[in-house]
Amino acid sequence: MQLKLTSLIIISLLSSFPALAKSKPIETREPEAGINYIDKKAVLGQKYMVASANPYASKAGRDILQQGGSAIDAAIATQLVLTLVEPQSSGIGGGTFMLYYNKDNDKITSFDGRETAPSGADENLFLNQHGKAVKWIEAVVGGRSVGVPGILHAFAKAHKQYGKLPWSALFKPAIELSEKGFIVSERLHGLLARELNPGVLKMPVIHEYFYPDGKLIEAGTVKKNQPLADLYKSIAKQGVDAFYKGSNADKLVDAVQNSPIAPGTLSKLDLVNFKSKERDAVCISYHSYKVCSMAPPSSGGVAVLQILGLLENKNMSAIKPNSEQAIHYFTQASRIAFADRNVYMGDPDFTDVPTQELLDKQYISKRAKLITEVDKVATPGEPRKYLSYAPDDSYELPSTSHVSIIDSFGNAVSMTSSIEMAFGSTVMVNGYILNNQLTDFSLSPRKNGKLVANRVESGKRPRSSMSPVMVFNGDGSLRLVVGSPGGSRIIDYVAQVVIGVLDWDLSAQEAINLPRVTNRNDYTSLEKGTELSAIASKLTKRGHKVRLIDLNSGLHAVEVKDNMLVGGADPRREGVAISELTQPTSIKF
């Protein structure tokens with residue numbers, strides 16, 4: 001399969017950024033699609049496996065596992081390196097949803113390190129002087145969009161319970177790489193060259209980092225980050241208080257409150273008061289399997305499980321992959337799941353989220369009857385009759401990262417992390433970029449007189465589509481660990497791979513390689529440059545509004561099959577799967 005470089009849709013930049021009006025065109029919905037396509041094969045392992053979005057990060061995780069570390073230990077070390085080498089997508093300035101399976105007690109749990117809105121934020125945060133929601137691109141850049149970073153707090157919480165190596169040991173790979181430098185990848189250079197986020201050119205600190213002496217860093221050059229190394233040394237020694245208190249907290253708050261563009265209200269007290277949460281996973285049965293994912297404020301977990309439930313009686317295993325019928329049924333199930341997701345999902349600590357009702361077999365069976373042989377828009381169901389919310393208008397961008405790990409003890413991590421937009425808010429502190437996750441809230445608090453469930457509120461977590469997933473066999477043994485970046489399209493990316501592995505008996509890598517297809521209850525997107533173009537006209541005859549576009553999944557998976565670990569990494573990005581059998585000379589940086 002050959003993919004072309006993405007065709008970027010020209011949009012007009014707003015008056016907030018007049019100097020960028022003649023910049024290279026960007027497409028706000030799919031900013032990371034189509035940098036390159038690298039054919040990848042499944043990676044085998046017998047003891048442990050790490051699949052992540054960058055070779056440096058996967059190697060760091062593998063090194064921790066070699067030392068006897070747990071899947072939690074390896075996930076932390078992997079993400080600390082991703083902060084350095086994949087700064088556009090995730091990092092310690094953002095948040096995470098981490099699904100964890102403990103083999104000793106066969107328990108699956110999750111850690112919610114999602115960012116929270118500052119105490120000074122309310123539903124009017126993104127409204128202009130006329131009471132109307134600002135345009136999305138106006139909301140992204142600067143301190144206003146920054147939520148309280150949660151990933152390090154979640155790491156500390158998870159490590160305290162399930163870590164095996166000392167906390168400080170997990171920082172060594174990232175500290176060494178920050179000081180010695182990493183080789184800038186074609187992907188990082190290419191994303192910068194596209195000028196995706198106007199803040200990179202407008203905000204002084206981040207501009208100097210990526211444009212030293214006014215010149216864009218080139219692929220193949222060595223990039224060091226001593227401020228990040230110094231901060232990591234402090235956190236390694238002092239724990240997460242070195243992030244949420246003291247010098248780093250002072251600098252973080254100052255950068256947000258005095259941002260050259262759209263200053264925010266995030267305070268030292270917001271940092272001190274932040275708490276990550278351990279939450280129960282949500283699970284459903286799918287044929288003979290149990291499929292589990294993240295509970296709200298993830299909307300992705302519930303939506304992925306809904307899609308599977310809606311398709312359970314469609315006998316997908318008897319339908320050819322990539323066929324017109326398979327794509328049609330999949331998109332119709334996705335429409336229905338998104339119709340519910342767009343209305344009912346939000347932070348359960350603030351909003352009455354009908355999670356169990358949405359996953360109830362009787363409710364799903366009733367909703368499945370809406371799948372017909374023609375395409376049509378789905379309307380939200382009524383999981384509880386008294387709930388009355390308005391549809392959400394939030395954007396969720398694809399600049400996210402996913403890590404899948406199985407350790408030598410049989411424990412597993414499926415972790416998705418994000419700073420939201422490519423290069424986040426572009427507020428940069430101590431060598432890391434702060435998120436713009438507050439734009440994952442609905443910019444409008446009310447629609448047609450009804451409150452939006454996912455509106456901004458002080459201390460609230462914004463809804464997310466991040467969908468870390470684990471699948472278990474009928475006997476309870478682990479079968480698959482998978483997840484992806486991709487904004488709201490994550491839901492379809494992950495669901496498609498689960499169906500590929502469970503229904504079509506594909507390997508994780510083969511399922512990841514499948515051409516992507518999405519429908520968020522709007523139009524049917526087929527991955528451009530793939531075999532799906534051959535069925536576009538057939539779907540059109542069924543009533544689909546079809547668009548052939550680049551789709552930017554970043555799926556990473558580990559499956560357990562025939563007493564072996566099989567790792568898969570998305571050919572659309574630069575990630576790799578690495579096991580104890582991987583030869584160091586085969587890892588290309």
# chains A, B, ... in the order shown; residues from 1 in each chain; ligands from 1

$ residues_around --residues "A:Leu506" --least-positions-apart "2" --cutoff "12 Å" --atoms "only C-alpha atoms" --output "list in words"
Ala42, Ser317, Lys320, Pro321, Leu480, Gln496, Val497, Val498, Ile499, Gly500, Val501, Leu502, Asp503, Trp504, Ala508, Gln509, Glu510, Ala511, Ile512, Asn513, Leu514, Glu559, Lys561, Val566 and Gly568 of chain A

$ write_last_selection --atoms "N, CA and C atoms" --output "compact mmCIF listing (two decimals), in the first residue's frame"
# COMPACT_ATOMS: atom_id res chain seq x y z
N ALA A 42 5.49 -7.64 12.00
CA ALA A 42 5.27 -7.99 13.40
C ALA A 42 6.60 -8.33 14.07
N SER A 317 -17.10 -11.76 11.35
CA SER A 317 -16.08 -12.75 10.97
C SER A 317 -16.38 -13.39 9.62
N LYS A 320 -15.83 -10.18 4.53
CA LYS A 320 -14.45 -9.93 4.12
C LYS A 320 -13.97 -8.57 4.59
N PRO A 321 -12.75 -8.52 5.17
CA PRO A 321 -12.19 -7.22 5.56
C PRO A 321 -12.12 -6.26 4.37
N LEU A 480 -4.87 -9.04 24.00
CA LEU A 480 -4.46 -7.91 23.17
C LEU A 480 -4.39 -6.64 24.00
N GLN A 496 -11.52 -0.71 14.97
CA GLN A 496 -11.22 -1.42 13.73
C GLN A 496 -10.15 -2.48 13.95
N VAL A 497 -9.13 -2.16 14.74
CA VAL A 497 -8.06 -3.13 15.01
C VAL A 497 -8.58 -4.29 15.86
N VAL A 498 -9.41 -3.99 16.86
CA VAL A 498 -9.97 -5.05 17.68
C VAL A 498 -10.78 -6.02 16.83
N ILE A 499 -11.59 -5.49 15.93
CA ILE A 499 -12.36 -6.34 15.02
C ILE A 499 -11.43 -7.13 14.11
N GLY A 500 -10.37 -6.48 13.62
CA GLY A 500 -9.42 -7.17 12.75
C GLY A 500 -8.78 -8.36 13.42
N VAL A 501 -8.42 -8.21 14.69
CA VAL A 501 -7.77 -9.31 15.41
C VAL A 501 -8.77 -10.38 15.83
N LEU A 502 -9.90 -9.97 16.41
CA LEU A 502 -10.84 -10.93 16.98
C LEU A 502 -11.76 -11.57 15.94
N ASP A 503 -12.23 -10.80 14.97
CA ASP A 503 -13.18 -11.33 13.98
C ASP A 503 -12.49 -11.86 12.73
N TRP A 504 -11.45 -11.18 12.30
CA TRP A 504 -10.82 -11.55 11.04
C TRP A 504 -9.53 -12.33 11.22
N ALA A 508 -1.84 -8.52 15.08
CA ALA A 508 -1.96 -7.12 15.46
C ALA A 508 -1.38 -6.22 14.37
N GLN A 509 -0.22 -6.60 13.81
CA GLN A 509 0.39 -5.78 12.78
C GLN A 509 -0.47 -5.73 11.52
N GLU A 510 -1.03 -6.87 11.14
CA GLU A 510 -1.90 -6.89 9.96
C GLU A 510 -3.14 -6.02 10.17
N ALA A 511 -3.69 -6.06 11.37
CA ALA A 511 -4.88 -5.24 11.66
C ALA A 511 -4.52 -3.76 11.67
N ILE A 512 -3.34 -3.43 12.19
CA ILE A 512 -2.88 -2.04 12.17
C ILE A 512 -2.66 -1.56 10.74
N ASN A 513 -2.19 -2.46 9.89
CA ASN A 513 -1.90 -2.10 8.49
C ASN A 513 -3.16 -1.89 7.65
N LEU A 514 -4.30 -2.38 8.13
CA LEU A 514 -5.53 -2.21 7.37
C LEU A 514 -5.76 -0.74 7.04
N GLU A 559 0.04 -8.35 21.22
CA GLU A 559 -0.90 -9.43 21.41
C GLU A 559 -0.18 -10.67 21.93
N LYS A 561 -0.19 -14.62 21.57
CA LYS A 561 -0.71 -15.65 20.67
C LYS A 561 0.28 -16.80 20.59
N VAL A 566 3.45 -10.73 20.29
CA VAL A 566 3.54 -10.20 18.93
C VAL A 566 3.27 -8.71 18.99
N GLY A 568 3.10 -4.81 17.33
CA GLY A 568 2.80 -4.11 16.08
C GLY A 568 2.90 -2.61 16.25

$ residues_around --residues "A:Pro149" --least-positions-apart "4" --cutoff "10 Å" --atoms "only C-alpha atoms" --output "list of chain:residue names"
A:Gly91, A:Ile92, A:Gly93, A:Gly94, A:Gly95, A:Thr96, A:Gly113, A:Arg114, A:Glu115, A:Thr116, A:Ala117, A:His153, A:Ala154, A:Phe243, A:Tyr244, A:Asp270, A:Leu271, A:Phe274, A:Ser276, A:Ile419, A:Leu434, A:Asn435, A:Gln437

$ residues_around --residues "stretch 106-108 of chain A" --least-positions-apart "6" --cutoff "8 Å" --atoms "only C-alpha atoms" --output "number ranges by chain"
A: 99-100, 280-281, 476

$ residues_around --residues "stretch 248-259 of chain A" --least-positions-apart "2" --cutoff "9 Å" --atoms "only C-alpha atoms" --output "PyMOL selection string"
chain A and resi 142-144+146+203+231+242-246+261-268+271-272+427-430+434

$ write_last_selection --atoms "N, CA and C atoms" --output "PDB file, in the first residue's frame"
ATOM      1  N   GLY A 142      -1.544  29.816  23.752  1.00  0.00           N
ATOM      2  CA  GLY A 142      -1.383  30.649  24.927  1.00  0.00           C
ATOM      3  C   GLY A 142      -1.868  30.025  26.215  1.00  0.00           C
ATOM      4  N   GLY A 143      -1.740  30.779  27.304  1.00  0.00           N
ATOM      5  CA  GLY A 143      -2.007  30.259  28.634  1.00  0.00           C
ATOM      6  C   GLY A 143      -3.448  29.934  28.935  1.00  0.00           C
ATOM      7  N   ARG A 144      -4.396  30.581  28.254  1.00  0.00           N
ATOM      8  CA  ARG A 144      -5.814  30.342  28.530  1.00  0.00           C
ATOM      9  C   ARG A 144      -6.207  28.884  28.342  1.00  0.00           C
ATOM     10  N   VAL A 146      -4.423  26.151  28.825  1.00  0.00           N
ATOM     11  CA  VAL A 146      -3.617  25.191  29.580  1.00  0.00           C
ATOM     12  C   VAL A 146      -4.381  24.637  30.779  1.00  0.00           C
ATOM     13  N   MET A 203       5.359  32.450  19.836  1.00  0.00           N
ATOM     14  CA  MET A 203       5.740  32.412  21.247  1.00  0.00           C
ATOM     15  C   MET A 203       7.266  32.312  21.354  1.00  0.00           C
ATOM     16  N   LEU A 231      15.377  19.314  35.169  1.00  0.00           N
ATOM     17  CA  LEU A 231      14.096  19.095  35.845  1.00  0.00           C
ATOM     18  C   LEU A 231      13.912  17.613  36.173  1.00  0.00           C
ATOM     19  N   ALA A 242       8.652  18.088  42.977  1.00  0.00           N
ATOM     20  CA  ALA A 242       9.580  18.942  42.231  1.00  0.00           C
ATOM     21  C   ALA A 242       8.930  19.506  40.976  1.00  0.00           C
ATOM     22  N   PHE A 243       7.822  18.918  40.563  1.00  0.00           N
ATOM     23  CA  PHE A 243       7.071  19.456  39.422  1.00  0.00           C
ATOM     24  C   PHE A 243       5.944  20.365  39.892  1.00  0.00           C
ATOM     25  N   TYR A 244       5.177  19.908  40.866  1.00  0.00           N
ATOM     26  CA  TYR A 244       3.969  20.613  41.281  1.00  0.00           C
ATOM     27  C   TYR A 244       4.223  21.713  42.313  1.00  0.00           C
ATOM     28  N   LYS A 245       5.439  21.772  42.838  1.00  0.00           N
ATOM     29  CA  LYS A 245       5.803  22.807  43.794  1.00  0.00           C
ATOM     30  C   LYS A 245       7.187  23.353  43.434  1.00  0.00           C
ATOM     31  N   GLY A 246       7.604  24.385  44.121  1.00  0.00           N
ATOM     32  CA  GLY A 246       8.957  24.890  43.968  1.00  0.00           C
ATOM     33  C   GLY A 246       9.202  25.653  42.686  1.00  0.00           C
ATOM     34  N   ILE A 261       0.403  35.579  24.445  1.00  0.00           N
ATOM     35  CA  ILE A 261      -0.890  35.411  23.784  1.00  0.00           C
ATOM     36  C   ILE A 261      -1.848  34.761  24.777  1.00  0.00           C
ATOM     37  N   ALA A 262      -3.021  35.319  24.961  1.00  0.00           N
ATOM     38  CA  ALA A 262      -4.106  34.750  25.768  1.00  0.00           C
ATOM     39  C   ALA A 262      -3.636  34.233  27.123  1.00  0.00           C
ATOM     40  N   PRO A 263      -3.240  35.100  28.029  1.00  0.00           N
ATOM     41  CA  PRO A 263      -2.816  34.660  29.362  1.00  0.00           C
ATOM     42  C   PRO A 263      -3.912  33.848  30.056  1.00  0.00           C
ATOM     43  N   GLY A 264      -3.482  32.896  30.894  1.00  0.00           N
ATOM     44  CA  GLY A 264      -4.430  32.049  31.599  1.00  0.00           C
ATOM     45  C   GLY A 264      -4.443  32.322  33.091  1.00  0.00           C
ATOM     46  N   THR A 265      -5.257  31.557  33.813  1.00  0.00           N
ATOM     47  CA  THR A 265      -5.435  31.783  35.253  1.00  0.00           C
ATOM     48  C   THR A 265      -4.815  30.695  36.113  1.00  0.00           C
ATOM     49  N   LEU A 266      -4.217  29.675  35.516  1.00  0.00           N
ATOM     50  CA  LEU A 266      -3.668  28.563  36.291  1.00  0.00           C
ATOM     51  C   LEU A 266      -2.745  29.088  37.385  1.00  0.00           C
ATOM     52  N   SER A 267      -2.922  28.581  38.626  1.00  0.00           N
ATOM     53  CA  SER A 267      -2.206  29.109  39.786  1.00  0.00           C
ATOM     54  C   SER A 267      -1.378  28.029  40.475  1.00  0.00           C
ATOM     55  N   LYS A 268      -0.543  28.460  41.410  1.00  0.00           N
ATOM     56  CA  LYS A 268       0.249  27.516  42.197  1.00  0.00           C
ATOM     57  C   LYS A 268      -0.668  26.603  43.005  1.00  0.00           C
ATOM     58  N   LEU A 271      -1.870  23.690  40.988  1.00  0.00           N
ATOM     59  CA  LEU A 271      -0.862  22.638  40.875  1.00  0.00           C
ATOM     60  C   LEU A 271      -0.797  21.810  42.152  1.00  0.00           C
ATOM     61  N   VAL A 272      -0.755  22.469  43.281  1.00  0.00           N
ATOM     62  CA  VAL A 272      -0.657  21.770  44.571  1.00  0.00           C
ATOM     63  C   VAL A 272      -1.877  20.881  44.807  1.00  0.00           C
ATOM     64  N   VAL A 427       3.073  27.116  24.960  1.00  0.00           N
ATOM     65  CA  VAL A 427       3.718  27.657  26.158  1.00  0.00           C
ATOM     66  C   VAL A 427       4.742  26.621  26.602  1.00  0.00           C
ATOM     67  N   MET A 428       6.020  27.017  26.682  1.00  0.00           N
ATOM     68  CA  MET A 428       7.089  26.067  26.978  1.00  0.00           C
ATOM     69  C   MET A 428       7.814  26.487  28.253  1.00  0.00           C
ATOM     70  N   VAL A 429       8.056  25.499  29.129  1.00  0.00           N
ATOM     71  CA  VAL A 429       8.697  25.739  30.419  1.00  0.00           C
ATOM     72  C   VAL A 429       9.712  24.633  30.683  1.00  0.00           C
ATOM     73  N   ASN A 430      10.911  24.981  31.081  1.00  0.00           N
ATOM     74  CA  ASN A 430      11.916  23.981  31.475  1.00  0.00           C
ATOM     75  C   ASN A 430      12.071  22.850  30.452  1.00  0.00           C
ATOM     76  N   LEU A 434       3.533  22.826  27.424  1.00  0.00           N
ATOM     77  CA  LEU A 434       2.270  22.702  28.144  1.00  0.00           C
ATOM     78  C   LEU A 434       1.110  22.455  27.188  1.00  0.00           C
TER      79      LEU A 434
END

$ closest_residue --among "A:Val403, A:Pro348, A:Val494, A:Leu308" --to "A:Gly567" --atoms "only C-alpha atoms"
A:Val403

$ select_by_dssp --residues "stretch 78-135 of chain A" --states "strand (DSSP E)" --output "list of chain:residue names"
A:Gly95, A:Thr96, A:Phe97, A:Met98, A:Leu99, A:Tyr100, A:Tyr101, A:Asn102, A:Lys107, A:Ile108, A:Thr109, A:Ser110, A:Phe111, A:Asp112

$ closest_residue --among "A:Gln356, A:Thr331, A:Pro296, A:Ile406" --to "A:Arg489" --atoms "only C-alpha atoms"
A:Thr331

$ atom_distance --atom1 "atom CA of A:Gly131" --atom2 "atom CA of A:Glu420"
25.0 Å

$ residues_around --residues "A:Asp492" --least-positions-apart "2" --cutoff "8 Å" --atoms "only C-alpha atoms" --output "ChimeraX atom specification"
/A:304,334,489-490,494-496,517-519

$ closest_residue --among "A:Ile371, A:Ile319, A:Ala422, A:Ala229" --to "A:Leu192" --atoms "only C-alpha atoms"
A:Ala422

$ closest_residue --among "A:Pro55, A:Gly120, A:Pro260, A:Pro468" --to "A:Ser299" --atoms "only C-alpha atoms"
A:Pro468

$ residues_around --residues "A:Thr109" --least-positions-apart "5" --cutoff "10 Å" --atoms "only C-alpha atoms" --output "list in words"
Met98, Leu99, Tyr100, Tyr101, Asn102, Glu278, Arg279, Asp280, Ala281, Val282, Cys292, Ser293, Met294 and Val413 of chain A

$ write_last_selection --atoms "N, CA and C atoms" --output "CSV table (one decimal), in the first residue's frame"
chain,number,residue,atom,x,y,z
A,98,MET,N,-4.3,5.6,31.7
A,98,MET,CA,-3.4,4.4,31.7
A,98,MET,C,-4.3,3.3,32.2
A,99,LEU,N,-4.4,2.3,31.3
A,99,LEU,CA,-5.1,1.0,31.7
A,99,LEU,C,-4.0,0.0,32.2
A,100,TYR,N,-4.2,-0.6,33.3
A,100,TYR,CA,-3.2,-1.5,33.9
A,100,TYR,C,-3.8,-2.9,34.2
A,101,TYR,N,-3.1,-3.9,33.8
A,101,TYR,CA,-3.5,-5.3,34.1
A,101,TYR,C,-2.5,-5.9,35.0
A,102,ASN,N,-2.9,-6.3,36.2
A,102,ASN,CA,-2.0,-7.0,37.2
A,102,ASN,C,-2.2,-8.5,37.2
A,278,GLU,N,-7.5,6.8,40.5
A,278,GLU,CA,-7.6,5.4,40.1
A,278,GLU,C,-9.1,5.1,39.9
A,279,ARG,N,-9.4,4.6,38.7
A,279,ARG,CA,-10.8,4.4,38.3
A,279,ARG,C,-11.0,2.9,37.9
A,280,ASP,N,-12.2,2.4,38.1
A,280,ASP,CA,-12.5,1.1,37.5
A,280,ASP,C,-12.5,1.2,36.0
A,281,ALA,N,-12.0,0.1,35.4
A,281,ALA,CA,-12.2,0.0,33.9
A,281,ALA,C,-13.6,-0.3,33.6
A,282,VAL,N,-14.0,0.0,32.3
A,282,VAL,CA,-15.3,-0.4,31.8
A,282,VAL,C,-15.1,-1.6,30.9
A,292,CYS,N,-12.0,-4.4,27.6
A,292,CYS,CA,-12.0,-3.4,28.6
A,292,CYS,C,-11.3,-2.1,28.1
A,293,SER,N,-11.8,-1.0,28.6
A,293,SER,CA,-11.2,0.3,28.3
A,293,SER,C,-11.4,1.3,29.4
A,294,MET,N,-11.1,2.5,29.1
A,294,MET,CA,-11.1,3.6,30.1
A,294,MET,C,-12.5,4.2,30.3
A,413,VAL,N,0.3,-2.7,30.3
A,413,VAL,CA,-0.1,-1.3,30.3
A,413,VAL,C,-0.6,-0.9,28.9

$ residues_around --residues "stretch 364-370 of chain A" --least-positions-apart "5" --cutoff "7 Å" --atoms "only C-alpha atoms" --output "MDAnalysis selection string"
chainID A and resid 309:310 359
